[in-house]
file work_13.tsv (TSV, C-alpha atoms and all ligand atoms)
chain	number	residue	atom	x	y	z
A	125	MET	CA	-4.95	23.60	-5.31
A	126	ASN	CA	-5.69	21.33	-8.24
A	127	GLY	CA	-8.25	18.65	-7.88
A	128	ALA	CA	-10.37	17.48	-5.04
A	129	HIS	CA	-9.85	15.15	-2.15
A	130	ILE	CA	-12.01	12.06	-2.77
A	131	ARG	CA	-13.16	9.75	-0.02
A	132	ILE	CA	-14.59	6.32	-0.70
A	133	VAL	CA	-16.28	5.20	2.51
A	134	ASN	CA	-17.33	1.59	2.91
A	135	ILE	CA	-18.84	1.32	-0.57
A	136	ARG	CA	-20.82	-1.80	-1.24
A	137	LYS	CA	-22.67	-2.75	-4.41
A	138	ASN	CA	-25.06	-5.60	-5.07
A	139	PHE	CA	-26.70	-6.35	-8.38
A	140	GLY	CA	-29.70	-8.32	-7.15
A	141	LYS	CA	-28.23	-11.09	-5.03
A	142	ILE	CA	-24.75	-10.78	-6.52
A	143	ILE	CA	-22.26	-8.86	-4.38
A	144	VAL	CA	-19.95	-7.00	-6.75
A	145	ILE	CA	-18.20	-4.62	-4.31
A	146	GLU	CA	-17.78	-5.78	-0.73
A	147	GLY	CA	-17.41	-2.62	1.34
A	148	VAL	CA	-14.26	-0.78	0.25
A	149	SER	CA	-12.71	2.42	1.61
A	150	CYS	CA	-9.90	4.71	0.50
A	151	ASP	CA	-8.84	8.33	0.93
A	152	ILE	CA	-7.55	9.85	-2.29
A	153	ARG	CA	-5.53	13.00	-1.71
A	154	GLU	CA	-5.71	16.25	-3.65
A	155	SER	CA	-3.73	15.90	-6.91
A	156	GLU	CA	-3.01	12.25	-6.30
A	157	PHE	CA	-2.88	9.78	-9.20
A	158	ILE	CA	-4.51	6.55	-8.04
A	159	VAL	CA	-4.60	3.44	-10.19
A	160	ILE	CA	-7.11	0.65	-9.59
A	161	LEU	CA	-5.68	-2.60	-10.91
A	162	GLY	CA	-7.44	-5.93	-10.98
A	163	PRO	CA	-8.61	-8.78	-13.18
A	164	SER	CA	-11.66	-8.67	-15.39
A	165	GLY	CA	-14.92	-8.65	-13.46
A	166	CYS	CA	-13.47	-7.63	-10.07
A	167	GLY	CA	-15.61	-4.47	-9.95
A	168	LYS	CA	-13.28	-1.70	-11.18
A	169	SER	CA	-15.68	-0.06	-13.63
A	170	THR	CA	-18.59	-0.41	-11.24
A	171	LEU	CA	-16.65	1.46	-8.55
A	172	LEU	CA	-15.62	4.19	-10.99
A	173	ARG	CA	-19.22	4.58	-12.12
A	174	ILE	CA	-20.34	4.89	-8.51
A	175	ILE	CA	-17.79	7.69	-7.98
A	176	ALA	CA	-19.04	9.39	-11.16
A	177	GLY	CA	-22.67	9.01	-10.08
A	178	LEU	CA	-23.61	6.79	-13.04
A	179	GLU	CA	-24.41	3.96	-10.65
A	180	THR	CA	-25.77	4.09	-7.10
A	181	ALA	CA	-24.03	2.33	-4.25
A	182	THR	CA	-26.01	-0.17	-2.19
A	183	GLU	CA	-24.22	1.13	0.91
A	184	GLY	CA	-21.51	3.63	1.77
A	185	GLU	CA	-20.60	7.19	0.85
A	186	ILE	CA	-18.63	9.07	-1.78
A	187	HIS	CA	-17.19	12.44	-0.74
A	188	ILE	CA	-15.65	14.81	-3.24
A	189	GLY	CA	-13.96	17.99	-2.04
A	190	GLY	CA	-15.35	17.48	1.46
A	191	LYS	CA	-18.98	17.13	0.34
A	192	ILE	CA	-21.04	13.98	0.33
A	193	MET	CA	-22.06	13.19	-3.25
A	194	ASN	CA	-24.47	10.26	-2.98
A	195	GLN	CA	-27.49	12.37	-3.96
A	196	VAL	CA	-25.65	14.68	-6.38
A	197	GLU	CA	-26.29	14.26	-10.13
A	198	PRO	CA	-23.29	13.14	-12.24
A	199	LYS	CA	-23.20	16.46	-14.11
A	200	ASP	CA	-22.96	18.36	-10.85
A	201	ARG	CA	-20.05	16.36	-9.41
A	202	ASN	CA	-17.48	18.33	-11.43
A	203	ILE	CA	-15.58	15.28	-12.57
A	204	ALA	CA	-14.70	14.17	-16.09
A	205	MET	CA	-14.58	10.60	-17.33
A	206	VAL	CA	-12.40	9.22	-20.13
A	207	PHE	CA	-13.43	5.83	-21.47
A	208	GLN	CA	-11.87	3.09	-23.55
A	209	ASN	CA	-14.13	3.86	-26.55
A	210	TYR	CA	-13.48	7.58	-26.67
A	211	ALA	CA	-17.05	8.26	-27.94
A	212	LEU	CA	-16.19	11.36	-29.97
A	213	TYR	CA	-18.90	13.00	-32.09
A	214	PRO	CA	-18.01	11.72	-35.58
A	215	HIS	CA	-19.42	14.66	-37.56
A	216	MET	CA	-17.78	17.37	-35.43
A	217	THR	CA	-14.29	18.76	-35.80
A	218	VAL	CA	-11.72	18.24	-33.06
A	219	TRP	CA	-12.29	21.83	-31.97
A	220	ASN	CA	-16.04	21.29	-31.68
A	221	ASN	CA	-15.64	17.96	-29.95
A	222	MET	CA	-13.57	19.67	-27.28
A	223	ALA	CA	-15.78	22.77	-27.04
A	224	TYR	CA	-19.14	21.00	-27.07
A	225	GLY	CA	-19.42	20.28	-23.34
A	226	LEU	CA	-18.62	23.90	-22.52
A	227	LYS	CA	-21.16	25.21	-25.04
A	228	VAL	CA	-23.85	23.04	-23.49
A	229	ARG	CA	-22.94	24.54	-20.12
A	230	LYS	CA	-23.33	28.04	-21.63
A	231	THR	CA	-19.71	28.97	-21.02
A	232	PRO	CA	-18.87	32.37	-22.61
A	233	ARG	CA	-17.31	32.11	-26.08
A	234	ALA	CA	-13.98	33.76	-25.13
A	235	GLU	CA	-13.61	31.37	-22.18
A	236	ILE	CA	-14.30	28.36	-24.42
A	237	GLU	CA	-11.67	29.51	-26.91
A	238	ALA	CA	-9.09	30.06	-24.22
A	239	ARG	CA	-9.66	26.68	-22.60
A	240	VAL	CA	-9.70	24.72	-25.87
A	241	LYS	CA	-6.50	26.48	-26.96
A	242	LYS	CA	-4.80	25.65	-23.67
A	243	ALA	CA	-5.83	21.98	-23.81
A	244	ALA	CA	-4.74	21.71	-27.45
A	245	ASP	CA	-1.33	23.12	-26.47
A	246	ILE	CA	-0.93	20.64	-23.60
A	247	LEU	CA	-1.91	17.70	-25.82
A	248	GLY	CA	-0.13	18.76	-29.02
A	249	LEU	CA	-3.37	18.89	-31.02
A	250	ASN	CA	-2.89	22.31	-32.61
A	251	GLY	CA	-2.44	21.14	-36.18
A	252	LEU	CA	-5.50	18.89	-36.03
A	253	MET	CA	-8.27	21.15	-34.75
A	254	GLN	CA	-10.26	21.29	-38.01
A	255	ARG	CA	-10.21	17.54	-38.70
A	256	THR	CA	-13.02	15.13	-37.88
A	257	PRO	CA	-12.35	12.00	-35.77
A	258	ARG	CA	-12.18	9.66	-38.77
A	259	GLU	CA	-9.24	11.70	-40.09
A	260	LEU	CA	-7.26	10.92	-36.91
A	261	SER	CA	-5.19	7.98	-35.67
A	262	GLY	CA	-6.29	6.03	-32.60
A	263	GLY	CA	-3.78	7.84	-30.39
A	264	GLN	CA	-4.90	11.24	-31.67
A	265	ARG	CA	-8.54	10.35	-31.00
A	266	GLN	CA	-7.65	9.33	-27.48
A	267	ARG	CA	-5.90	12.68	-27.04
A	268	VAL	CA	-9.05	14.50	-28.19
A	269	ALA	CA	-11.06	12.50	-25.67
A	270	MET	CA	-8.65	13.67	-22.98
A	271	GLY	CA	-8.84	17.22	-24.31
A	272	ARG	CA	-12.58	17.14	-23.91
A	273	ALA	CA	-12.10	16.16	-20.27
A	274	ILE	CA	-9.38	18.77	-19.63
A	275	VAL	CA	-11.35	21.77	-20.96
A	276	ARG	CA	-13.96	21.22	-18.29
A	277	GLU	CA	-11.27	21.90	-15.67
A	278	PRO	CA	-12.84	19.30	-13.42
A	279	SER	CA	-11.81	18.59	-9.86
A	280	ALA	CA	-11.07	14.96	-10.81
A	281	PHE	CA	-10.47	12.75	-13.83
A	282	LEU	CA	-11.79	9.21	-13.91
A	283	PHE	CA	-10.14	7.03	-16.54
A	284	ASP	CA	-11.60	3.60	-17.42
A	285	GLU	CA	-9.00	1.63	-19.41
A	286	PRO	CA	-8.47	4.59	-21.75
A	287	LEU	CA	-5.59	2.98	-23.66
A	288	SER	CA	-6.80	-0.56	-24.16
A	289	ASN	CA	-7.90	0.03	-27.77
A	290	LEU	CA	-4.43	1.16	-28.83
A	291	ASP	CA	-1.57	-0.99	-30.10
A	292	ALA	CA	1.32	-1.76	-27.76
A	293	LYS	CA	3.65	0.98	-28.96
A	294	LEU	CA	1.05	3.70	-28.91
A	295	ARG	CA	-0.04	2.59	-25.46
A	296	VAL	CA	3.42	3.23	-24.10
A	297	GLN	CA	3.52	6.66	-25.75
A	298	MET	CA	0.07	7.65	-24.46
A	299	ARG	CA	0.96	6.36	-21.02
A	300	LEU	CA	3.85	8.83	-20.92
A	301	GLU	CA	1.56	11.59	-22.17
A	302	ILE	CA	-0.97	10.92	-19.44
A	303	LYS	CA	1.81	11.08	-16.89
A	304	LYS	CA	3.06	14.39	-18.30
A	305	LEU	CA	-0.47	15.70	-18.43
A	306	HIS	CA	-0.95	14.91	-14.77
A	307	GLN	CA	2.35	16.54	-13.89
A	308	SER	CA	1.21	19.73	-15.58
A	309	VAL	CA	-2.45	19.96	-14.48
A	310	ARG	CA	-2.18	18.03	-11.15
A	311	THR	CA	-5.87	17.10	-11.22
A	312	THR	CA	-6.82	14.26	-8.86
A	313	SER	CA	-7.05	11.16	-11.05
A	314	ILE	CA	-8.45	7.66	-10.66
A	315	TYR	CA	-7.30	5.36	-13.41
A	316	VAL	CA	-8.64	1.84	-13.95
A	317	THR	CA	-6.63	-0.77	-15.81
A	318	HIS	CA	-5.77	-4.45	-15.84
A	319	ASP	CA	-2.33	-3.74	-17.30
A	320	GLN	CA	0.20	-3.97	-14.47
A	321	VAL	CA	2.94	-2.04	-16.27
A	322	GLU	CA	0.54	0.84	-16.84
A	323	ALA	CA	-0.46	0.63	-13.19
A	324	MET	CA	3.09	0.55	-11.83
A	325	THR	CA	4.33	3.42	-14.01
A	326	LEU	CA	1.41	5.81	-13.58
A	327	ALA	CA	0.38	5.38	-9.96
A	328	ASP	CA	1.30	7.52	-6.99
A	329	ARG	CA	-0.59	4.81	-5.13
A	330	LEU	CA	-2.04	1.60	-6.41
A	331	ILE	CA	-5.20	-0.20	-5.33
A	332	VAL	CA	-5.10	-3.89	-6.18
A	333	MET	CA	-8.67	-5.10	-6.38
A	334	ASN	CA	-9.70	-8.73	-6.17
A	335	ALA	CA	-13.28	-10.00	-6.35
A	336	GLY	CA	-14.87	-6.78	-5.05
A	337	LYS	CA	-12.32	-6.10	-2.30
A	338	PHE	CA	-9.22	-3.94	-1.98
A	339	ASP	CA	-6.43	-6.44	-1.31
A	340	HIS	CA	-3.67	-3.86	-1.13
A	341	VAL	CA	-3.47	-0.06	-1.20
A	342	GLY	CA	0.06	1.33	-1.41
A	343	THR	CA	2.81	2.80	-3.53
A	344	PRO	CA	3.84	0.65	-6.51
A	345	MET	CA	7.10	-0.27	-4.76
A	346	ASP	CA	5.32	-1.17	-1.54
A	347	VAL	CA	2.91	-3.41	-3.44
A	348	TYR	CA	5.81	-5.03	-5.32
A	349	GLU	CA	8.06	-5.49	-2.31
A	350	ARG	CA	5.51	-6.44	0.34
A	351	PRO	CA	2.35	-7.75	-1.35
A	352	ALA	CA	-0.36	-8.02	1.29
A	353	THR	CA	-2.00	-11.19	-0.01
A	354	LEU	CA	-1.22	-14.24	-2.10
A	355	PHE	CA	-3.43	-12.81	-4.81
A	356	VAL	CA	-1.42	-9.57	-5.02
A	357	ALA	CA	1.83	-11.54	-4.94
A	358	GLY	CA	0.79	-13.60	-7.92
A	359	PHE	CA	-0.79	-10.71	-9.81
A	360	ILE	CA	2.03	-8.12	-9.66
A	361	GLY	CA	5.34	-8.85	-11.34
A	362	SER	CA	6.37	-10.34	-14.65
A	363	PRO	CA	7.37	-13.11	-14.81
A	364	ALA	CA	5.13	-13.92	-11.87
A	365	MET	CA	6.46	-14.59	-8.40
A	366	ASN	CA	7.23	-18.25	-7.67
A	367	ILE	CA	4.74	-19.37	-5.02
A	368	ILE	CA	5.38	-22.73	-3.45
A	369	PRO	CA	3.94	-24.56	-0.43
A	370	MET	CA	6.66	-25.17	2.15
A	371	GLU	CA	6.85	-26.49	5.65
A	372	LEU	CA	7.51	-23.94	8.40
A	373	CYS	CA	9.59	-25.31	11.29
A	374	PRO	CA	7.90	-25.47	14.71
A	375	GLU	CA	10.00	-22.54	15.97
A	376	GLY	CA	8.70	-20.40	13.08
A	377	ASP	CA	12.15	-19.33	11.94
A	378	ALA	CA	12.99	-21.58	8.96
A	379	VAL	CA	11.28	-23.15	5.95
A	380	LYS	CA	12.06	-26.51	4.38
A	381	LEU	CA	13.61	-26.40	0.92
A	382	PRO	CA	12.77	-28.99	-1.76
A	383	ASP	CA	15.91	-31.00	-0.99
A	384	GLY	CA	14.90	-31.30	2.68
A	385	SER	CA	17.34	-28.74	4.07
A	386	TRP	CA	16.14	-25.80	6.20
A	387	LEU	CA	16.42	-22.19	5.03
A	388	PRO	CA	16.63	-19.82	8.02
A	389	LEU	CA	14.22	-16.87	7.80
A	390	ALA	CA	15.21	-13.26	8.40
A	391	GLU	CA	12.78	-13.16	11.35
A	392	ARG	CA	10.91	-15.53	13.63
A	393	LEU	CA	7.20	-15.78	12.79
A	394	VAL	CA	5.81	-16.09	16.27
A	395	ASN	CA	2.15	-16.42	15.41
A	396	ALA	CA	2.66	-18.91	12.63
A	397	ARG	CA	3.06	-22.16	14.55
A	398	ASN	CA	1.39	-25.16	13.02
A	399	ILE	CA	0.01	-23.28	10.07
A	400	SER	CA	0.53	-24.24	6.50
A	401	VAL	CA	2.38	-21.57	4.52
A	402	MET	CA	2.97	-20.56	0.93
A	403	VAL	CA	6.36	-19.05	0.21
A	404	GLY	CA	6.79	-16.46	-2.54
A	405	MET	CA	10.11	-15.80	-4.27
A	406	ARG	CA	10.58	-13.36	-7.13
A	407	PRO	CA	12.53	-14.79	-10.08
A	408	GLU	CA	15.31	-12.23	-9.55
A	409	HIS	CA	15.81	-13.24	-5.90
A	410	ILE	CA	16.87	-16.76	-6.69
A	411	THR	CA	20.52	-16.60	-7.71
A	412	LEU	CA	23.34	-18.94	-8.65
A	413	ALA	CA	24.89	-20.28	-5.42
A	414	GLU	CA	28.56	-19.66	-4.70
A	415	GLY	CA	29.15	-22.40	-2.13
A	416	GLU	CA	27.16	-25.39	-0.87
A	417	ARG	CA	25.64	-23.71	2.16
A	418	GLY	CA	21.87	-23.25	1.70
A	419	ALA	CA	22.15	-24.27	-1.95
A	420	PHE	CA	19.76	-26.57	-3.79
A	421	ARG	CA	19.75	-27.96	-7.31
A	422	MET	CA	17.39	-27.47	-10.23
A	423	PRO	CA	17.58	-29.14	-13.64
A	424	VAL	CA	16.98	-26.72	-16.51
A	425	GLU	CA	13.91	-27.61	-18.53
A	426	LEU	CA	13.25	-24.47	-20.56
A	427	VAL	CA	15.28	-21.35	-21.37
A	428	GLU	CA	13.81	-18.05	-22.61
A	429	VAL	CA	16.38	-15.57	-23.91
A	430	LEU	CA	15.08	-12.00	-23.57
A	431	GLY	CA	18.30	-10.12	-24.26
A	432	ALA	CA	19.09	-8.28	-21.04
A	433	ASP	CA	17.77	-11.22	-18.99
A	434	THR	CA	17.40	-14.94	-19.48
A	435	LEU	CA	14.48	-16.75	-17.84
A	436	VAL	CA	15.15	-20.31	-16.78
A	437	HIS	CA	12.39	-22.75	-15.79
A	438	GLY	CA	12.78	-26.10	-14.11
A	439	PRO	CA	11.27	-28.49	-11.54
A	440	ILE	CA	12.44	-28.50	-7.94
A	441	ASP	CA	10.47	-31.55	-6.87
A	442	GLY	CA	7.70	-33.74	-8.21
A	443	GLU	CA	5.11	-30.98	-8.14
A	444	ASN	CA	6.68	-27.56	-8.19
A	445	GLN	CA	8.41	-25.51	-10.86
A	446	LEU	CA	10.60	-22.45	-10.43
A	447	THR	CA	11.27	-19.58	-12.78
A	448	ILE	CA	14.49	-17.68	-12.22
A	449	ARG	CA	15.92	-14.60	-13.88
A	450	LEU	CA	19.61	-14.68	-14.80
A	451	PRO	CA	21.73	-12.06	-16.57
A	452	GLY	CA	21.45	-12.33	-20.37
A	453	SER	CA	25.19	-12.92	-20.58
A	454	TYR	CA	24.93	-16.21	-18.65
A	455	LYS	CA	25.09	-19.24	-20.95
A	456	VAL	CA	22.66	-21.95	-19.95
A	457	GLY	CA	20.91	-24.75	-21.81
A	458	ARG	CA	18.28	-27.44	-21.34
A	459	GLY	CA	19.57	-30.30	-19.23
A	460	ASP	CA	22.09	-28.20	-17.25
A	461	LYS	CA	21.83	-28.56	-13.49
A	462	LEU	CA	21.91	-25.23	-11.65
A	463	LYS	CA	23.01	-24.79	-8.06
A	464	LEU	CA	20.77	-22.10	-6.60
A	465	HIS	CA	20.50	-19.90	-3.56
A	466	ILE	CA	17.43	-18.07	-2.21
A	467	ASN	CA	17.89	-14.74	-0.47
A	468	PRO	CA	16.01	-15.20	2.85
A	469	ASP	CA	15.49	-11.42	3.21
A	470	LYS	CA	13.38	-11.48	0.07
A	471	LEU	CA	10.92	-14.24	0.97
A	472	HIS	CA	7.20	-13.53	1.07
A	473	ILE	CA	5.33	-15.79	3.46
A	474	PHE	CA	1.57	-16.24	3.41
A	475	ASP	CA	-0.92	-18.17	5.47
A	476	ARG	CA	-2.12	-20.79	3.05
A	477	ALA	CA	-5.64	-20.83	4.49
A	478	THR	CA	-6.34	-17.08	4.53
A	479	GLY	CA	-3.93	-15.92	1.84
A	480	MET	CA	-2.72	-13.13	4.14
A	481	ARG	CA	0.93	-12.11	4.39
A	482	ILE	CA	2.49	-13.14	7.71
A	483	ASN	CA	6.09	-11.82	7.51
A	501	LIG	N1	-25.81	-4.02	-14.45
A	501	LIG	C1	-25.29	-5.17	-13.97
A	501	LIG	N2	-26.08	-6.18	-13.55
A	501	LIG	C2	-25.57	-7.32	-13.05
A	501	LIG	N3	-24.25	-7.56	-12.92
A	501	LIG	C3	-23.39	-6.59	-13.32
A	501	LIG	C4	-23.88	-5.36	-13.87
A	501	LIG	N4	-22.78	-4.60	-14.16
A	501	LIG	C5	-21.71	-5.34	-13.82
A	501	LIG	N5	-22.07	-6.53	-13.32
A	501	LIG	C6	-21.16	-7.58	-12.82
A	501	LIG	O1	-20.34	-7.01	-11.83
A	501	LIG	C7	-19.04	-7.51	-11.88
A	501	LIG	C8	-18.03	-6.38	-11.97
A	501	LIG	O2	-18.17	-5.72	-13.22
A	501	LIG	P1	-17.21	-4.54	-13.65
A	501	LIG	O3	-17.66	-4.06	-14.97
A	501	LIG	O4	-17.16	-3.53	-12.55
A	501	LIG	O5	-15.82	-5.29	-13.77
A	501	LIG	P2	-14.39	-4.74	-14.20
A	501	LIG	O6	-13.47	-4.97	-13.06
A	501	LIG	O7	-14.52	-3.35	-14.72
A	501	LIG	O8	-13.98	-5.75	-15.38
A	501	LIG	P3	-13.25	-5.48	-16.79
A	501	LIG	O9	-11.78	-5.45	-16.49
A	501	LIG	O10	-13.63	-6.69	-17.59
A	501	LIG	O11	-13.78	-4.21	-17.36
A	501	LIG	C9	-19.01	-8.46	-13.06
A	501	LIG	O12	-19.12	-9.77	-12.58
A	501	LIG	C10	-20.21	-8.07	-13.87
A	501	LIG	O13	-20.72	-9.16	-14.57
A	502	MG	MG	-14.29	-2.48	-16.63
call {"tool": "encode", "arguments": {"input": "work_13.tsv", "output": "structure tokens"}}
result
Amino acid sequence: MNGAHIRIVNIRKNFGKIIVIEGVSCDIRESEFIVILGPSGCGKSTLLRIIAGLETATEGEIHIGGKIMNQVEPKDRNIAMVFQNYALYPHMTVWNNMAYGLKVRKTPRAEIEARVKKAADILGLNGLMQRTPRELSGGQRQRVAMGRAIVREPSAFLFDEPLSNLDAKLRVQMRLEIKKLHQSVRTTSIYVTHDQVEAMTLADRLIVMNAGKFDHVGTPMDVYERPATLFVAGFIGSPAMNIIPMELCPEGDAVKLPDGSWLPLAERLVNARNISVMVGMRPEHITLAEGERGAFRMPVELVEVLGADTLVHGPIDGENQLTIRLPGSYKVGRGDKLKLHINPDKLHIFDRATGMRIN
């Protein structure tokens, strides 16, 4: 077994009168890689710090490896944290930076050497062990910070935006390294980020957090294909999902398109009578129409050529714009009028008042 089972049970956190976390729960399995994704200020770091014991919860319980941890000191929780500012000791060599935590814990010398060697092998740091942090690149420093966490052989890693100080290219490279690292050590990991690509690519399961609540907990594909709330729908996916208010017919089995025609739904929404809905459509699920049936027209206002894909933006009525994704080979220009079709199997329908998914 590598890594502990972590249970977050109804955790709530207030700072004075401000509610920052509103009672969240999740079971994190042994060896699972969980990513918490959400906008700035939604409570991600606070939750991670509660798990680490650096912050106390106002209510609720944290269990690690089957034991309740609320009263356990951070140093006794057997978890290692990796932060955005790697906080290496500037005057120590890489070797000493990695060994320091073990020395403080009075680990025998031979054991320290073996563990540091193993971590250096995993992270490809062997040639750099005698350098100090200022003689390293940002990516190498981040690797040392991870090395320092690995040598402790903790039962869980907590990562708080560990890559956000790196440039875009290095971020991609380190993201792959973190994934490989997890595949080799299999330590339970909780990784906080507001970068959705990082979240989608690293996560076994994803928690999308919004204003102190868990809006959706699921695999990346589940979150992408069936977002549980309007917030998740708008947050996951690039370019963002088109979300447009539409009228639902009284029978609950069709929505009204901008040109006034009705688009039949894949199912009848029985509990949705007389409610106002928002309809979500991913840019890749709106395609060029073959015939007239179910087709509507959109004038092209803006074209973005990305190479493999071309993004086309245009109005569909006085208020609403659509973004659609066409193959890069398709020639289209401003002023063209496209005839479009929406795949009804791919619609996401939300209650406008509550924001909850209803299909
Ligand atoms: N010690 C504190 N006292 C009062 N409010 C706090 C304290 N720490 C955090 N907060 C507030 O709690 C909320 C959540 O903060 P947190 O740092 O958890 O957000 P986050 O999701 O990690 O954001 P970011 O992506 O910007 O790091 C914020 O509104 C923040 O201002
Ligand atoms: Mg944070």
call {"tool": "closest_residue", "arguments": {"input": "work_13.tsv", "among": "A:Ser155, A:Ser288, A:Thr478, A:Thr256", "to": "ligand MG 502 (chain A)", "atoms": "all atoms listed in the file"}}
result
A:Ser288
call {"tool": "atom_distance", "arguments": {"input": "work_13.tsv", "atom1": "CA of Thr217 (chain A)", "atom2": "CA of His306 (chain A)"}}
result
25.2 Å
call {"tool": "residues_near_ligand", "arguments": {"input": "work_13.tsv", "ligand": "ligand MG 502 (chain A)", "cutoff": "10 Å", "atoms": "all atoms listed in the file", "output": "short mmCIF file (atom, residue, chain, number, x, y, z; two decimals) with C-alpha atoms, in the frame of the given file"}}
result
data_model
loop_
_atom_site.label_atom_id
_atom_site.label_comp_id
_atom_site.auth_asym_id
_atom_site.auth_seq_id
_atom_site.Cartn_x
_atom_site.Cartn_y
_atom_site.Cartn_z
CA GLY A 162 -7.44 -5.93 -10.98
CA PRO A 163 -8.61 -8.78 -13.18
CA SER A 164 -11.66 -8.67 -15.39
CA GLY A 165 -14.92 -8.65 -13.46
CA CYS A 166 -13.47 -7.63 -10.07
CA GLY A 167 -15.61 -4.47 -9.95
CA LYS A 168 -13.28 -1.70 -11.18
CA SER A 169 -15.68 -0.06 -13.63
CA THR A 170 -18.59 -0.41 -11.24
CA LEU A 171 -16.65 1.46 -8.55
CA LEU A 172 -15.62 4.19 -10.99
CA ARG A 173 -19.22 4.58 -12.12
CA PHE A 207 -13.43 5.83 -21.47
CA GLN A 208 -11.87 3.09 -23.55
CA ASP A 284 -11.60 3.60 -17.42
CA GLU A 285 -9.00 1.63 -19.41
CA VAL A 316 -8.64 1.84 -13.95
CA THR A 317 -6.63 -0.77 -15.81
CA HIS A 318 -5.77 -4.45 -15.84
#
call {"tool": "residues_around", "arguments": {"input": "work_13.tsv", "residues": "Val268 (chain A)", "least_positions_apart": "4", "cutoff": "9 Å", "atoms": "only C-alpha atoms", "output": "number ranges by chain"}}
result
A: 210, 212, 218-219, 221-222, 244, 247, 249, 257, 263-264, 272-273
call {"tool": "closest_residue", "arguments": {"input": "work_13.tsv", "among": "A:Gly457, A:Pro344, A:Gly358, A:Pro388", "to": "Val436 (chain A)", "atoms": "only C-alpha atoms"}}
result
A:Gly457
call {"tool": "axis_aligned_box", "arguments": {"input": "work_13.tsv", "around": "ligand LIG 501 (chain A)", "padding_each_side": "5 Å", "output": "lines of an AutoDock Vina configuration file"}}
result
center_x = -18.9
center_y = -6.6
center_z = -14.7
size_x = 24.3
size_y = 16.4
size_z = 15.8
call {"tool": "closest_residue", "arguments": {"input": "work_13.tsv", "among": "A:Ala477, A:Leu446, A:Ile142, A:Cys373", "to": "ligand LIG 501 (chain A)", "atoms": "all atoms listed in the file"}}
result
A:Ile142
call {"tool": "atom_distance", "arguments": {"input": "work_13.tsv", "atom1": "CA of Tyr213 (chain A)", "atom2": "CA of Ser261 (chain A)"}}
result
15.0 Å
call {"tool": "atom_distance", "arguments": {"input": "work_13.tsv", "atom1": "CA of Gly127 (chain A)", "atom2": "CA of Ala280 (chain A)"}}
result
5.5 Å
call {"tool": "residues_around", "arguments": {"input": "work_13.tsv", "residues": "region 401-413 of chain A", "least_positions_apart": "5", "cutoff": "8 Å", "atoms": "only C-alpha atoms", "output": "PyMOL selection string"}}
result
chain A and resi 357+363-372+419+446-450+462-467+470-476
call {"tool": "residues_near_point", "arguments": {"input": "work_13.tsv", "point": "(-24.2, 1.2, 1.9)", "cutoff": "7 Å", "atoms": "all atoms listed in the file", "output": "number ranges by chain"}}
result
A: 134-136, 181-184
call {"tool": "closest_residue", "arguments": {"input": "work_13.tsv", "among": "A:Leu300, A:Ala432, A:Ile192, A:Ile314", "to": "Ile152 (chain A)", "atoms": "only C-alpha atoms"}}
result
A:Ile314
call {"tool": "closest_residue", "arguments": {"input": "work_13.tsv", "among": "A:Asp319, A:Glu301, A:Glu185, A:Asp151", "to": "ligand LIG 501 (chain A)", "atoms": "all atoms listed in the file"}}
result
A:Asp319
call {"tool": "closest_residue", "arguments": {"input": "work_13.tsv", "among": "A:Ile174, A:Ile145, A:Val228, A:Val133", "to": "Met333 (chain A)", "atoms": "all atoms listed in the file"}}
result
A:Ile145
call {"tool": "residues_around", "arguments": {"input": "work_13.tsv", "residues": "Gln266 (chain A)", "least_positions_apart": "3", "cutoff": "8 Å", "atoms": "all atoms listed in the file", "output": "list in words"}}
result
Tyr210, Gly262, Gly263, Ala269, Met270, Pro286 and Leu287 of chain A
call {"tool": "residues_near_point", "arguments": {"input": "work_13.tsv", "point": "(-17.4, 18.5, 1.6)", "cutoff": "10 Å", "atoms": "only C-alpha atoms", "output": "number ranges by chain"}}
result
A: 128-131, 187-193
call {"tool": "residues_around", "arguments": {"input": "work_13.tsv", "residues": "Asn220 (chain A)", "least_positions_apart": "4", "cutoff": "9 Å", "atoms": "all atoms listed in the file", "output": "list of chain:residue names"}}
result
A:Tyr213, A:Met216, A:Tyr224, A:Met253, A:Gln254
call {"tool": "residues_around", "arguments": {"input": "work_13.tsv", "residues": "Asp377 (chain A)", "least_positions_apart": "3", "cutoff": "12 Å", "atoms": "only C-alpha atoms", "output": "ChimeraX atom specification"}}
result
/A:371-374,380,386-397,468,473,483
